[in-house]
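Structure file model03.cif; described as mmCIF, C-alpha atoms.
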```cif
data_target
#
loop_
_atom_site.label_atom_id
_atom_site.label_comp_id
_atom_site.auth_asym_id
_atom_site.auth_seq_id
_atom_site.Cartn_x
_atom_site.Cartn_y
_atom_site.Cartn_z
CA ILE A 1 63.25 82.73 96.97
CA ASP A 2 62.05 80.38 99.69
CA ARG A 3 60.30 77.93 97.37
CA PHE A 4 60.39 77.23 93.65
CA VAL A 5 57.06 76.62 91.91
CA PRO A 6 57.54 74.98 88.49
CA PRO A 7 55.75 76.67 85.56
CA VAL A 8 53.05 74.79 83.66
CA ASP A 9 52.12 74.62 79.97
CA VAL A 10 48.56 75.60 79.01
CA ASP A 11 47.75 75.33 75.30
CA GLY A 12 51.23 76.41 74.26
CA ALA A 13 51.56 79.22 76.81
CA THR A 14 53.80 79.02 79.88
CA LEU A 15 52.09 80.02 83.11
CA PHE A 16 54.36 81.00 85.98
CA ILE A 17 54.13 82.71 89.37
CA ALA A 18 55.88 86.06 89.60
CA ARG A 19 58.54 86.69 92.22
CA ASN A 20 56.25 89.09 94.13
CA LYS A 21 53.79 86.17 94.71
CA GLN A 22 50.82 88.25 93.58
CA GLU A 23 50.80 87.61 89.86
CA ILE A 24 50.13 84.62 87.61
CA ARG A 25 51.65 85.46 84.24
CA GLU A 26 51.05 83.88 80.82
CA PHE A 27 54.27 83.88 78.79
CA LEU A 28 54.02 83.38 75.02
CA TYR A 29 55.07 84.80 71.66
CA THR A 30 52.53 86.92 69.76
CA ASP A 31 52.60 87.40 65.99
CA VAL A 32 50.97 90.84 66.20
CA GLU A 33 53.60 92.33 68.49
CA GLN A 34 56.40 90.14 67.10
CA ALA A 35 57.65 89.75 70.65
CA TYR A 36 57.18 87.76 73.83
CA GLN A 37 54.52 88.91 76.29
CA ALA A 38 53.81 88.01 79.92
CA THR A 39 50.17 88.91 80.60
CA ASP A 40 49.02 88.98 84.23
CA LEU A 41 46.02 86.62 84.55
CA ALA A 42 45.36 87.75 88.12
CA LEU A 43 45.14 91.47 87.38
CA LEU A 44 41.56 91.69 88.68
CA SER A 45 41.94 88.94 91.29
CA ARG A 46 44.67 90.13 93.63
CA HIS A 47 42.54 89.13 96.63
CA ILE A 48 42.57 85.51 95.45
CA ILE A 49 46.26 85.21 94.65
CA GLU A 50 48.19 85.52 97.92
CA SER A 51 51.59 83.88 98.31
CA PRO A 52 51.20 80.80 96.05
CA VAL A 53 53.35 77.81 97.02
CA ASP A 54 52.34 75.22 94.41
CA GLN A 55 50.49 74.88 91.13
CA ASP A 56 49.46 72.31 88.53
CA TYR A 57 47.13 72.19 85.54
CA ASP A 58 44.22 69.82 84.92
CA GLN A 59 43.88 69.55 81.14
CA LYS A 60 40.62 67.58 81.26
CA GLY A 61 38.84 70.03 83.56
CA ARG A 62 40.59 73.09 82.09
CA LEU A 63 41.55 74.16 85.62
CA LEU A 64 44.78 75.66 86.90
CA PHE A 65 45.19 74.82 90.61
CA ILE A 66 47.03 77.32 92.81
CA VAL A 67 47.83 76.37 96.45
CA ARG A 68 48.26 79.34 98.79
CA GLU A 69 50.55 79.66 101.78
CA ASP A 70 47.57 80.02 104.16
CA GLY A 71 46.20 76.57 103.25
CA LYS A 72 43.49 77.72 100.86
CA PHE A 73 43.61 77.04 97.15
CA ALA A 74 42.30 78.74 94.02
CA THR A 75 41.34 77.47 90.59
CA LEU A 76 41.53 79.33 87.29
CA THR A 77 39.25 78.20 84.47
CA VAL A 78 41.33 78.74 81.33
CA TYR A 79 40.12 78.74 77.72
CA ARG A 80 42.81 80.64 75.85
CA ALA A 81 41.15 80.47 72.42
CA GLU A 82 37.94 82.01 73.83
CA GLN A 83 39.87 84.41 76.12
CA VAL A 84 38.15 83.01 79.21
CA ALA A 85 39.92 83.32 82.56
CA ALA A 86 37.73 82.92 85.68
CA TRP A 87 39.00 82.58 89.26
CA THR A 88 37.43 80.70 92.17
CA LEU A 89 38.64 80.53 95.79
CA HIS A 90 38.24 77.27 97.74
CA GLU A 91 38.41 76.58 101.47
CA THR A 92 38.20 73.32 103.41
CA GLU A 93 38.45 72.18 107.04
CA GLY A 94 42.20 71.82 106.99
CA LEU A 95 45.28 73.18 105.27
CA VAL A 96 46.05 72.33 101.66
CA LYS A 97 49.80 71.80 101.24
CA SER A 98 50.30 70.85 97.58
CA VAL A 99 48.58 69.71 94.39
CA ALA A 100 49.50 67.16 91.73
CA VAL A 101 47.77 66.19 88.48
CA VAL A 102 48.41 62.61 87.38
CA GLY A 103 46.78 61.81 84.05
CA ASP A 104 43.17 62.94 84.42
CA GLN A 105 43.23 62.78 88.24
CA VAL A 106 43.80 65.74 90.59
CA TYR A 107 45.25 65.03 94.04
CA LEU A 108 45.63 67.37 97.03
CA LEU A 109 47.82 66.87 100.08
CA ILE A 110 45.79 68.16 103.06
CA ASP A 111 46.62 68.57 106.73
CA ARG A 112 43.39 67.93 108.67
CA GLY A 113 44.16 68.56 112.33
CA GLY A 114 47.62 66.99 112.19
CA THR A 115 46.54 64.06 109.99
CA PHE A 116 47.87 64.26 106.44
CA THR A 117 45.68 62.79 103.72
CA ILE A 118 46.01 62.54 99.95
CA GLU A 119 42.56 63.29 98.55
CA LEU A 120 41.23 62.87 95.03
CA PHE A 121 38.88 65.22 93.20
CA ASP A 122 35.76 63.21 92.37
CA ARG A 123 33.01 64.97 90.41
CA THR A 124 30.44 62.39 91.57
CA LEU A 125 30.88 63.49 95.21
CA HIS A 126 29.56 66.75 96.66
CA LEU A 127 31.32 66.65 100.05
CA ASP A 128 34.88 67.18 101.29
CA SER A 129 37.08 64.30 102.47
CA ALA A 130 34.17 62.05 101.52
CA LEU A 131 33.73 58.36 100.82
CA GLN A 132 30.96 56.56 98.99
CA GLY A 133 29.83 52.96 99.25
CA VAL A 134 27.47 50.52 97.54
CA VAL A 135 26.14 47.25 99.02
CA ASP A 136 23.86 44.57 97.61
CA THR A 137 21.80 44.28 100.78
CA PRO A 138 20.58 47.59 102.31
CA THR A 139 22.07 48.26 105.74
CA LYS A 140 21.93 50.89 108.49
CA ILE A 141 25.55 50.58 109.71
CA TRP A 142 28.28 52.08 107.52
CA SER A 143 31.93 51.93 108.57
CA GLY A 144 35.31 52.88 107.09
CA LEU A 145 35.13 56.55 108.15
CA ASP A 146 38.06 56.41 110.59
CA HIS A 147 39.71 59.46 109.01
CA LEU A 148 36.65 61.51 110.08
CA GLU A 149 36.53 60.22 113.66
CA GLY A 150 34.74 62.73 115.90
CA GLU A 151 33.68 64.91 112.96
CA THR A 152 30.07 65.79 112.13
CA VAL A 153 29.40 64.66 108.58
CA GLN A 154 26.68 65.17 106.04
CA ILE A 155 25.07 62.05 104.59
CA VAL A 156 23.37 61.22 101.31
CA ALA A 157 21.72 57.78 101.40
CA ASP A 158 20.08 56.44 98.22
CA GLY A 159 20.18 59.98 96.84
CA VAL A 160 18.33 61.50 99.82
CA VAL A 161 19.99 63.96 102.22
CA GLN A 162 19.91 62.61 105.79
CA ASP A 163 20.41 64.28 109.17
CA ASP A 164 24.00 65.13 110.08
CA GLN A 165 25.81 62.63 112.32
CA MET A 166 29.03 62.41 114.27
CA VAL A 167 31.42 59.63 113.32
CA VAL A 168 31.97 57.29 116.30
CA ASP A 169 34.38 54.34 116.08
CA GLY A 170 34.72 55.03 112.36
CA GLN A 171 31.07 54.41 111.59
CA ILE A 172 27.61 55.96 111.36
CA ILE A 173 24.18 54.41 111.88
CA LEU A 174 21.29 55.44 109.63
CA SER A 175 17.66 55.61 110.69
CA GLN A 176 16.70 53.54 107.63
CA SER A 177 18.63 50.98 105.63
CA ALA A 178 20.23 52.12 102.38
CA SER A 179 22.16 50.49 99.56
CA THR A 180 24.21 53.55 98.49
CA LEU A 181 25.80 56.18 100.70
CA GLN A 182 28.01 59.27 100.55
CA ALA A 183 29.41 60.77 103.75
CA GLY A 184 31.87 63.60 104.29
CA LEU A 185 32.49 67.14 105.48
CA PRO A 186 30.05 69.81 104.26
CA PHE A 187 31.01 72.90 102.31
CA THR A 188 29.09 75.88 100.94
CA HIS A 189 29.28 77.12 97.36
CA MET A 190 28.66 80.82 96.74
CA ILE A 191 28.14 82.59 93.41
CA GLU A 192 27.71 86.35 92.97
CA PRO A 193 27.70 88.61 89.88
CA LEU A 194 29.33 91.99 89.47
CA PRO A 195 27.45 94.86 91.17
CA PRO A 196 25.14 97.02 89.01
CA SER A 197 27.71 99.84 89.02
CA ALA A 198 29.55 97.83 86.38
CA ILE A 199 26.46 97.80 84.12
CA ASP A 200 26.02 100.57 81.53
CA GLY A 201 23.38 103.06 82.58
CA ALA A 202 23.45 102.19 86.30
CA GLY A 203 25.65 105.04 87.39
CA VAL A 204 25.99 107.08 90.56
CA GLY A 205 22.75 108.60 91.86
CA ARG A 206 20.48 106.16 90.08
CA GLN A 207 18.28 103.35 91.29
CA VAL A 208 18.25 99.90 89.75
CA ARG A 209 15.70 97.13 90.03
CA LEU A 210 16.13 93.46 89.24
CA ILE A 211 12.89 92.40 87.56
CA GLU A 212 13.75 88.78 86.80
CA ALA A 213 16.77 86.49 86.80
CA ARG A 214 16.91 83.39 84.59
CA PHE A 215 19.27 80.71 85.85
CA ARG A 216 20.29 78.13 83.24
CA LEU A 217 21.02 74.88 85.08
CA GLU A 218 22.33 71.48 84.08
CA ASN A 219 21.69 68.28 86.06
CA THR A 220 20.91 70.27 89.20
CA SER A 221 18.93 69.02 92.21
CA ALA A 222 18.77 72.13 94.43
CA LEU A 223 18.88 75.91 94.04
CA ARG A 224 18.98 78.41 96.92
CA VAL A 225 19.09 82.03 95.78
CA ASP A 226 18.76 85.54 97.22
CA VAL A 227 17.23 88.18 94.91
CA GLY A 228 16.86 90.82 97.62
CA ARG A 229 14.62 89.13 100.21
CA GLY A 230 17.11 86.70 101.74
CA LEU A 231 18.11 83.20 100.75
CA ARG A 232 15.21 81.02 99.65
CA ASP A 233 14.91 77.56 98.12
CA VAL A 234 13.61 77.61 94.55
CA ALA A 235 11.38 74.75 93.42
CA LEU A 236 12.96 73.13 90.37
CA LYS A 237 10.11 70.72 89.68
CA GLN A 238 6.44 70.54 90.57
CA ILE A 239 5.41 67.55 92.71
CA GLY A 240 2.82 65.38 90.95
CA GLU A 241 0.33 63.00 92.43
CA ASP A 242 2.49 60.00 91.64
CA GLU A 243 5.68 61.51 93.10
CA ILE A 244 7.29 59.98 96.19
CA LEU A 245 8.15 62.72 98.67
CA ASN A 246 11.08 60.93 100.33
CA ALA A 247 12.66 59.83 97.04
CA ALA A 248 15.93 61.18 95.66
CA SER A 249 15.73 64.74 94.32
CA PRO A 250 15.41 64.77 90.51
CA GLN A 251 18.11 66.41 88.43
CA VAL A 252 16.78 69.30 86.36
CA SER A 253 18.25 70.95 83.26
CA GLY A 254 16.90 74.16 81.74
CA ASP A 255 16.02 77.75 82.62
CA ILE A 256 14.64 78.61 86.06
CA ARG A 257 12.97 82.03 86.31
CA VAL A 258 13.04 83.91 89.62
CA ARG A 259 11.12 87.17 90.00
CA ALA A 260 12.43 89.98 92.21
CA PHE A 261 10.85 93.04 93.85
CA GLY A 262 12.08 96.42 95.07
CA TRP A 263 14.66 99.01 94.07
CA SER A 264 18.29 99.33 95.15
CA ASN A 265 20.20 102.56 95.79
CA ASP A 266 23.49 100.85 96.63
CA MET A 267 25.35 100.28 93.37
CA THR A 268 28.12 98.39 95.16
CA ARG A 269 25.85 95.48 96.17
CA THR A 270 25.06 92.54 93.93
CA LEU A 271 21.50 92.00 92.72
CA TRP A 272 21.43 88.26 93.39
CA LYS A 273 23.44 85.60 95.18
CA ILE A 274 23.48 81.80 95.21
CA GLU A 275 24.57 80.16 98.47
CA GLN A 276 23.82 76.61 99.59
CA ASP A 277 25.45 73.67 101.34
CA LEU A 278 23.24 70.75 100.31
CA PRO A 279 25.41 67.84 99.08
CA LEU A 280 23.48 67.54 95.82
CA PRO A 281 24.44 68.03 92.14
CA PHE A 282 24.61 71.66 91.02
CA THR A 283 25.82 73.15 87.71
CA LEU A 284 25.15 76.76 86.71
CA LEU A 285 25.73 77.48 83.01
CA SER A 286 24.63 81.12 82.77
CA VAL A 287 22.44 83.85 84.27
CA ASN A 288 20.39 86.40 82.31
CA MET A 289 18.98 89.45 84.11
CA GLU A 290 16.12 91.79 83.24
CA LEU A 291 16.81 95.20 84.82
CA SER A 292 15.08 98.54 85.16
CA VAL A 293 17.09 101.72 85.79
CA ASN A 294 15.47 104.85 87.26
CA ASP A 295 17.00 108.16 86.17
#
```

Now that the file is in, can you turn its structure into structure tokens?
Amino acid sequence: IDRFVPPVDVDGATLFIARNKQEIREFLYTDVEQAYQATDLALLSRHIIESPVDQDYDQKGRLLFIVREDGKFATLTVYRAEQVAAWTLHETEGLVKSVAVVGDQVYLLIDRGGTFTIELFDRTLHLDSALQGVVDTPTKIWSGLDHLEGETVQIVADGVVQDDQMVVDGQIILSQSASTLQAGLPFTHMIEPLPPSAIDGAGVGRQVRLIEARFRLENTSALRVDVGRGLRDVALKQIGEDEILNAASPQVSGDIRVRAFGWSNDMTRTLWKIEQDLPLPFTLLSVNMELSVND
């Protein structure tokens, strides 16, 4: 083999990459079979697992990080007791080379246009290769962004999304003074369910209609969803008379109902999709759908 990837321990099971570089196997002893088993955790995710070159496990976040040969990386959410195994593919403006978990911190080695950086996963940031700063006296000029020289960055100042700017001489200049700032490279998160062909009763030759989708959110400031009429922003909170329009977006927790219209004949297409690139907090806990199937 051209590179050895050490196995990792996850709740007593040993996870290792198979020699064919297309399988992530979970090796453990089962009392029922009275033998060792090596279950393939990527059986339904072959398109995500392509030539892994490194891996490590984040116990706190319950995430297995897999670095691919092409510079992308994948994460596997693992809850063995609940039999949960969910894959996500990640891309960034650069090539991810390796991953390391130190304590509760996850670090990635990334090649960004010939410049190698060691970057830390920070759940308080919603941008790539980002920095955040806090000052006592509000200011318009923010420096220290030399690693993003010449890049167009997204900006969140005092919790409000600002216009994109290009980093010049390692700094950016805001239109209004701010005391807190986050600046970094944008990325888009996308969430889609299984197509209706996987739902009982929605077989070949039938039509299906999404009546309503209920999105359960936690500490979320923005939701952009497509339920068949294109991507649209969903209002999470009504604006009252005493609300300040240019203030930071509030974080909402609870169920958001989105109505849909029209029938679908294509059982291979998903009924809804979330896609947005705003650098604001977003956590989706679950989605419940109300469907109608025409025989």

| said: What would the selection look like, as a ChimeraX atom specification, if the PyMOL selection byres ((chain A and resi 11) around 9) were run on the coordinates I just shared? | reply: /A:9-10,12-14,79-81

| said: What would the selection look like, as a ChimeraX atom specification, if the PyMOL selection byres ((chain A and resi 195) around 7) were run on the coordinates I just shared? | reply: /A:193-194,196-198,267-271

| request: Might you pull out every residue within 8 Å of Thr139 of chain A, with only C-alpha atoms counted and same-chain residues fewer than 5 positions away left off, and present them as a ChimeraX atom specification? | output: /A:176-179

Given the selection you just returned, output its residues as a file containing C-alpha atoms, formatted as an mmCIF file, keeping the file's coordinate frame.
```cif
data_model
loop_
_atom_site.group_PDB
_atom_site.id
_atom_site.type_symbol
_atom_site.label_atom_id
_atom_site.label_comp_id
_atom_site.auth_asym_id
_atom_site.auth_seq_id
_atom_site.Cartn_x
_atom_site.Cartn_y
_atom_site.Cartn_z
ATOM 1 C CA GLN A 176 16.700 53.540 107.630
ATOM 2 C CA SER A 177 18.630 50.980 105.630
ATOM 3 C CA ALA A 178 20.230 52.120 102.380
ATOM 4 C CA SER A 179 22.160 50.490 99.560
#
```

| request: Output the residue selection produced by the PyMOL selection byres ((chain A and resi 148) around 9) on the file above, formatted as a ChimeraX atom specification. | output: /A:129-130,145-147,149-153,166-168,170,184-185

Quick one: contact table of segment 162-217 of chain A to segment 273-281 of chain A, 6 Å max, nearest atom pair and distance in Å to one decimal per residue, counting all atoms listed in the file, chain and number order, as a Markdown table?
```
| residue | atom | partner | partner_atom | distance |
| --- | --- | --- | --- | --- |
| A:Phe187 | CA | A:Asp277 | CA | 5.7 |
| A:Thr188 | CA | A:Asp277 | CA | 4.3 |
| A:His189 | CA | A:Glu275 | CA | 5.7 |
| A:Met190 | CA | A:Glu275 | CA | 4.5 |
| A:Ile191 | CA | A:Ile274 | CA | 5.1 |
| A:Glu192 | CA | A:Lys273 | CA | 4.9 |
```

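Counting from atom CA of Arg216 of chain A, the distance to atom CA of His126 of chain A is 19.9 Å.
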
Around all the atoms of segment 268-278 of chain A listed in the file, draw an axis-aligned box and extend it by 6 Å on each of the six sides; I want its centre and edge lengths in Å to one decimal, as AutoDock Vina command-line options.
```
--center_x 24.8 --center_y 84.6 --center_z 97.0 --size_x 18.7 --size_y 39.6 --size_z 20.6
```

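With all atoms listed in the file taken into account, the protein and nucleic acid residues at most 7 Å from Gly94 of chain A (excluding it and anything under 3 positions from it in its own chain) are Ile110, Asp111, Arg112 and Gly113 of chain A.
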
Written file, previous selection with C-alpha atoms, as an mmCIF file, in the frame of the given file:
```cif
data_model
loop_
_atom_site.group_PDB
_atom_site.id
_atom_site.type_symbol
_atom_site.label_atom_id
_atom_site.label_comp_id
_atom_site.auth_asym_id
_atom_site.auth_seq_id
_atom_site.Cartn_x
_atom_site.Cartn_y
_atom_site.Cartn_z
ATOM 1 C CA ILE A 110 45.790 68.160 103.060
ATOM 2 C CA ASP A 111 46.620 68.570 106.730
ATOM 3 C CA ARG A 112 43.390 67.930 108.670
ATOM 4 C CA GLY A 113 44.160 68.560 112.330
#
```

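Counting all atoms listed in the file and comparing A:Gly114, A:Gly228, A:Pro186, A:Pro7, the residue that lies closest to Val161 of chain A is A:Pro186.
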
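Interatomic distance, atom CA of Asp266 of chain A to atom CA of Leu231 of chain A: 18.9 Å.
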
| request: Go through A:Asp255, A:Glu91, A:Asp70, A:Glu218 and flag the residue nearest Asp128 of chain A, using only C-alpha atoms for the distances. | output: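 The shortest atom-to-atom distance to Asp128 of chain A comes from A:Glu91.
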
| Which residues, protein or nucleic acid, reach to within 12 Å of (51.5, 70.4, 95.5) in the file's coordinates when using all atoms listed in the file, and can you give that as a ChimeraX atom specification? | /A:3-6,52-57,65-69,71,73,95-102,106-110,118-119

Residues of the last selection are to be written out with C-alpha atoms, as an mmCIF file, in the frame of the given file.
```
data_model
loop_
_atom_site.group_PDB
_atom_site.id
_atom_site.type_symbol
_atom_site.label_atom_id
_atom_site.label_comp_id
_atom_site.auth_asym_id
_atom_site.auth_seq_id
_atom_site.Cartn_x
_atom_site.Cartn_y
_atom_site.Cartn_z
ATOM 1 C CA ARG A 3 60.300 77.930 97.370
ATOM 2 C CA PHE A 4 60.390 77.230 93.650
ATOM 3 C CA VAL A 5 57.060 76.620 91.910
ATOM 4 C CA PRO A 6 57.540 74.980 88.490
ATOM 5 C CA PRO A 52 51.200 80.800 96.050
ATOM 6 C CA VAL A 53 53.350 77.810 97.020
ATOM 7 C CA ASP A 54 52.340 75.220 94.410
ATOM 8 C CA GLN A 55 50.490 74.880 91.130
ATOM 9 C CA ASP A 56 49.460 72.310 88.530
ATOM 10 C CA TYR A 57 47.130 72.190 85.540
ATOM 11 C CA PHE A 65 45.190 74.820 90.610
ATOM 12 C CA ILE A 66 47.030 77.320 92.810
ATOM 13 C CA VAL A 67 47.830 76.370 96.450
ATOM 14 C CA ARG A 68 48.260 79.340 98.790
ATOM 15 C CA GLU A 69 50.550 79.660 101.780
ATOM 16 C CA GLY A 71 46.200 76.570 103.250
ATOM 17 C CA PHE A 73 43.610 77.040 97.150
ATOM 18 C CA LEU A 95 45.280 73.180 105.270
ATOM 19 C CA VAL A 96 46.050 72.330 101.660
ATOM 20 C CA LYS A 97 49.800 71.800 101.240
ATOM 21 C CA SER A 98 50.300 70.850 97.580
ATOM 22 C CA VAL A 99 48.580 69.710 94.390
ATOM 23 C CA ALA A 100 49.500 67.160 91.730
ATOM 24 C CA VAL A 101 47.770 66.190 88.480
ATOM 25 C CA VAL A 102 48.410 62.610 87.380
ATOM 26 C CA VAL A 106 43.800 65.740 90.590
ATOM 27 C CA TYR A 107 45.250 65.030 94.040
ATOM 28 C CA LEU A 108 45.630 67.370 97.030
ATOM 29 C CA LEU A 109 47.820 66.870 100.080
ATOM 30 C CA ILE A 110 45.790 68.160 103.060
ATOM 31 C CA ILE A 118 46.010 62.540 99.950
ATOM 32 C CA GLU A 119 42.560 63.290 98.550
#
```

Starting from the sparse input, extend segment 45-54 of chain A to all heavy atoms and give the output as a tab-separated table (two decimals), keeping the file's coordinate frame.
```tsv
chain	number	residue	atom	x	y	z
A	45	SER	N	42.19	89.92	90.22
A	45	SER	CA	41.94	88.94	91.29
A	45	SER	C	43.08	88.91	92.29
A	45	SER	O	43.50	87.84	92.73
A	45	SER	CB	41.73	87.55	90.67
A	45	SER	OG	40.71	87.57	89.71
A	46	ARG	N	43.57	90.07	92.67
A	46	ARG	CA	44.67	90.13	93.63
A	46	ARG	C	44.27	89.54	94.98
A	46	ARG	O	45.11	89.00	95.71
A	46	ARG	CB	45.11	91.58	93.81
A	46	ARG	CG	45.83	92.16	92.61
A	46	ARG	CD	47.25	91.62	92.52
A	46	ARG	NE	48.00	92.32	91.49
A	46	ARG	CZ	48.15	91.90	90.25
A	46	ARG	NH1	47.58	90.76	89.90
A	46	ARG	NH2	48.83	92.59	89.37
A	47	HIS	N	42.98	89.64	95.34
A	47	HIS	CA	42.54	89.13	96.63
A	47	HIS	C	42.52	87.61	96.66
A	47	HIS	O	42.47	87.01	97.74
A	47	HIS	CB	41.13	89.65	96.94
A	47	HIS	CG	40.11	89.26	95.93
A	47	HIS	ND1	40.11	89.74	94.64
A	47	HIS	CD2	39.05	88.41	96.01
A	47	HIS	CE1	39.09	89.23	93.97
A	47	HIS	NE2	38.44	88.42	94.77
A	48	ILE	N	42.57	86.97	95.52
A	48	ILE	CA	42.57	85.51	95.45
A	48	ILE	C	43.99	84.96	95.41
A	48	ILE	O	44.28	83.91	95.99
A	48	ILE	CB	41.76	85.02	94.23
A	48	ILE	CG1	40.28	85.37	94.42
A	48	ILE	CG2	41.93	83.53	94.01
A	48	ILE	CD1	39.40	84.93	93.28
A	49	ILE	N	44.87	85.66	94.76
A	49	ILE	CA	46.26	85.21	94.65
A	49	ILE	C	47.08	85.84	95.76
A	49	ILE	O	47.44	87.02	95.71
A	49	ILE	CB	46.86	85.58	93.28
A	49	ILE	CG1	46.00	85.01	92.17
A	49	ILE	CG2	48.29	85.07	93.17
A	49	ILE	CD1	45.83	83.51	92.22
A	50	GLU	N	47.38	85.05	96.79
A	50	GLU	CA	48.19	85.52	97.92
A	50	GLU	C	49.23	84.46	98.26
A	50	GLU	O	48.90	83.39	98.75
A	50	GLU	CB	47.31	85.79	99.15
A	50	GLU	CG	46.29	86.91	98.96
A	50	GLU	CD	45.44	87.14	100.20
A	50	GLU	OE1	45.69	86.42	101.20
A	50	GLU	OE2	44.55	87.99	100.18
A	51	SER	N	50.46	84.76	97.97
A	51	SER	CA	51.59	83.88	98.31
A	51	SER	C	51.38	82.44	97.85
A	51	SER	O	51.27	81.52	98.67
A	51	SER	CB	51.86	83.92	99.82
A	51	SER	OG	52.15	85.23	100.24
A	52	PRO	N	51.33	82.17	96.54
A	52	PRO	CA	51.20	80.80	96.05
A	52	PRO	C	52.44	79.98	96.38
A	52	PRO	O	53.57	80.49	96.36
A	52	PRO	CB	51.06	80.97	94.52
A	52	PRO	CG	50.69	82.40	94.32
A	52	PRO	CD	51.34	83.15	95.45
A	53	VAL	N	52.24	78.70	96.70
A	53	VAL	CA	53.35	77.81	97.02
A	53	VAL	C	53.40	76.59	96.10
A	53	VAL	O	54.38	75.86	96.11
A	53	VAL	CB	53.29	77.34	98.49
A	53	VAL	CG1	53.46	78.53	99.43
A	53	VAL	CG2	51.99	76.62	98.78
A	54	ASP	N	52.35	76.36	95.32
A	54	ASP	CA	52.34	75.22	94.41
A	54	ASP	C	51.28	75.43	93.34
A	54	ASP	O	50.30	76.17	93.56
A	54	ASP	CB	52.06	73.92	95.18
A	54	ASP	CG	52.47	72.68	94.39
A	54	ASP	OD1	53.16	72.83	93.35
A	54	ASP	OD2	52.09	71.57	94.78
```
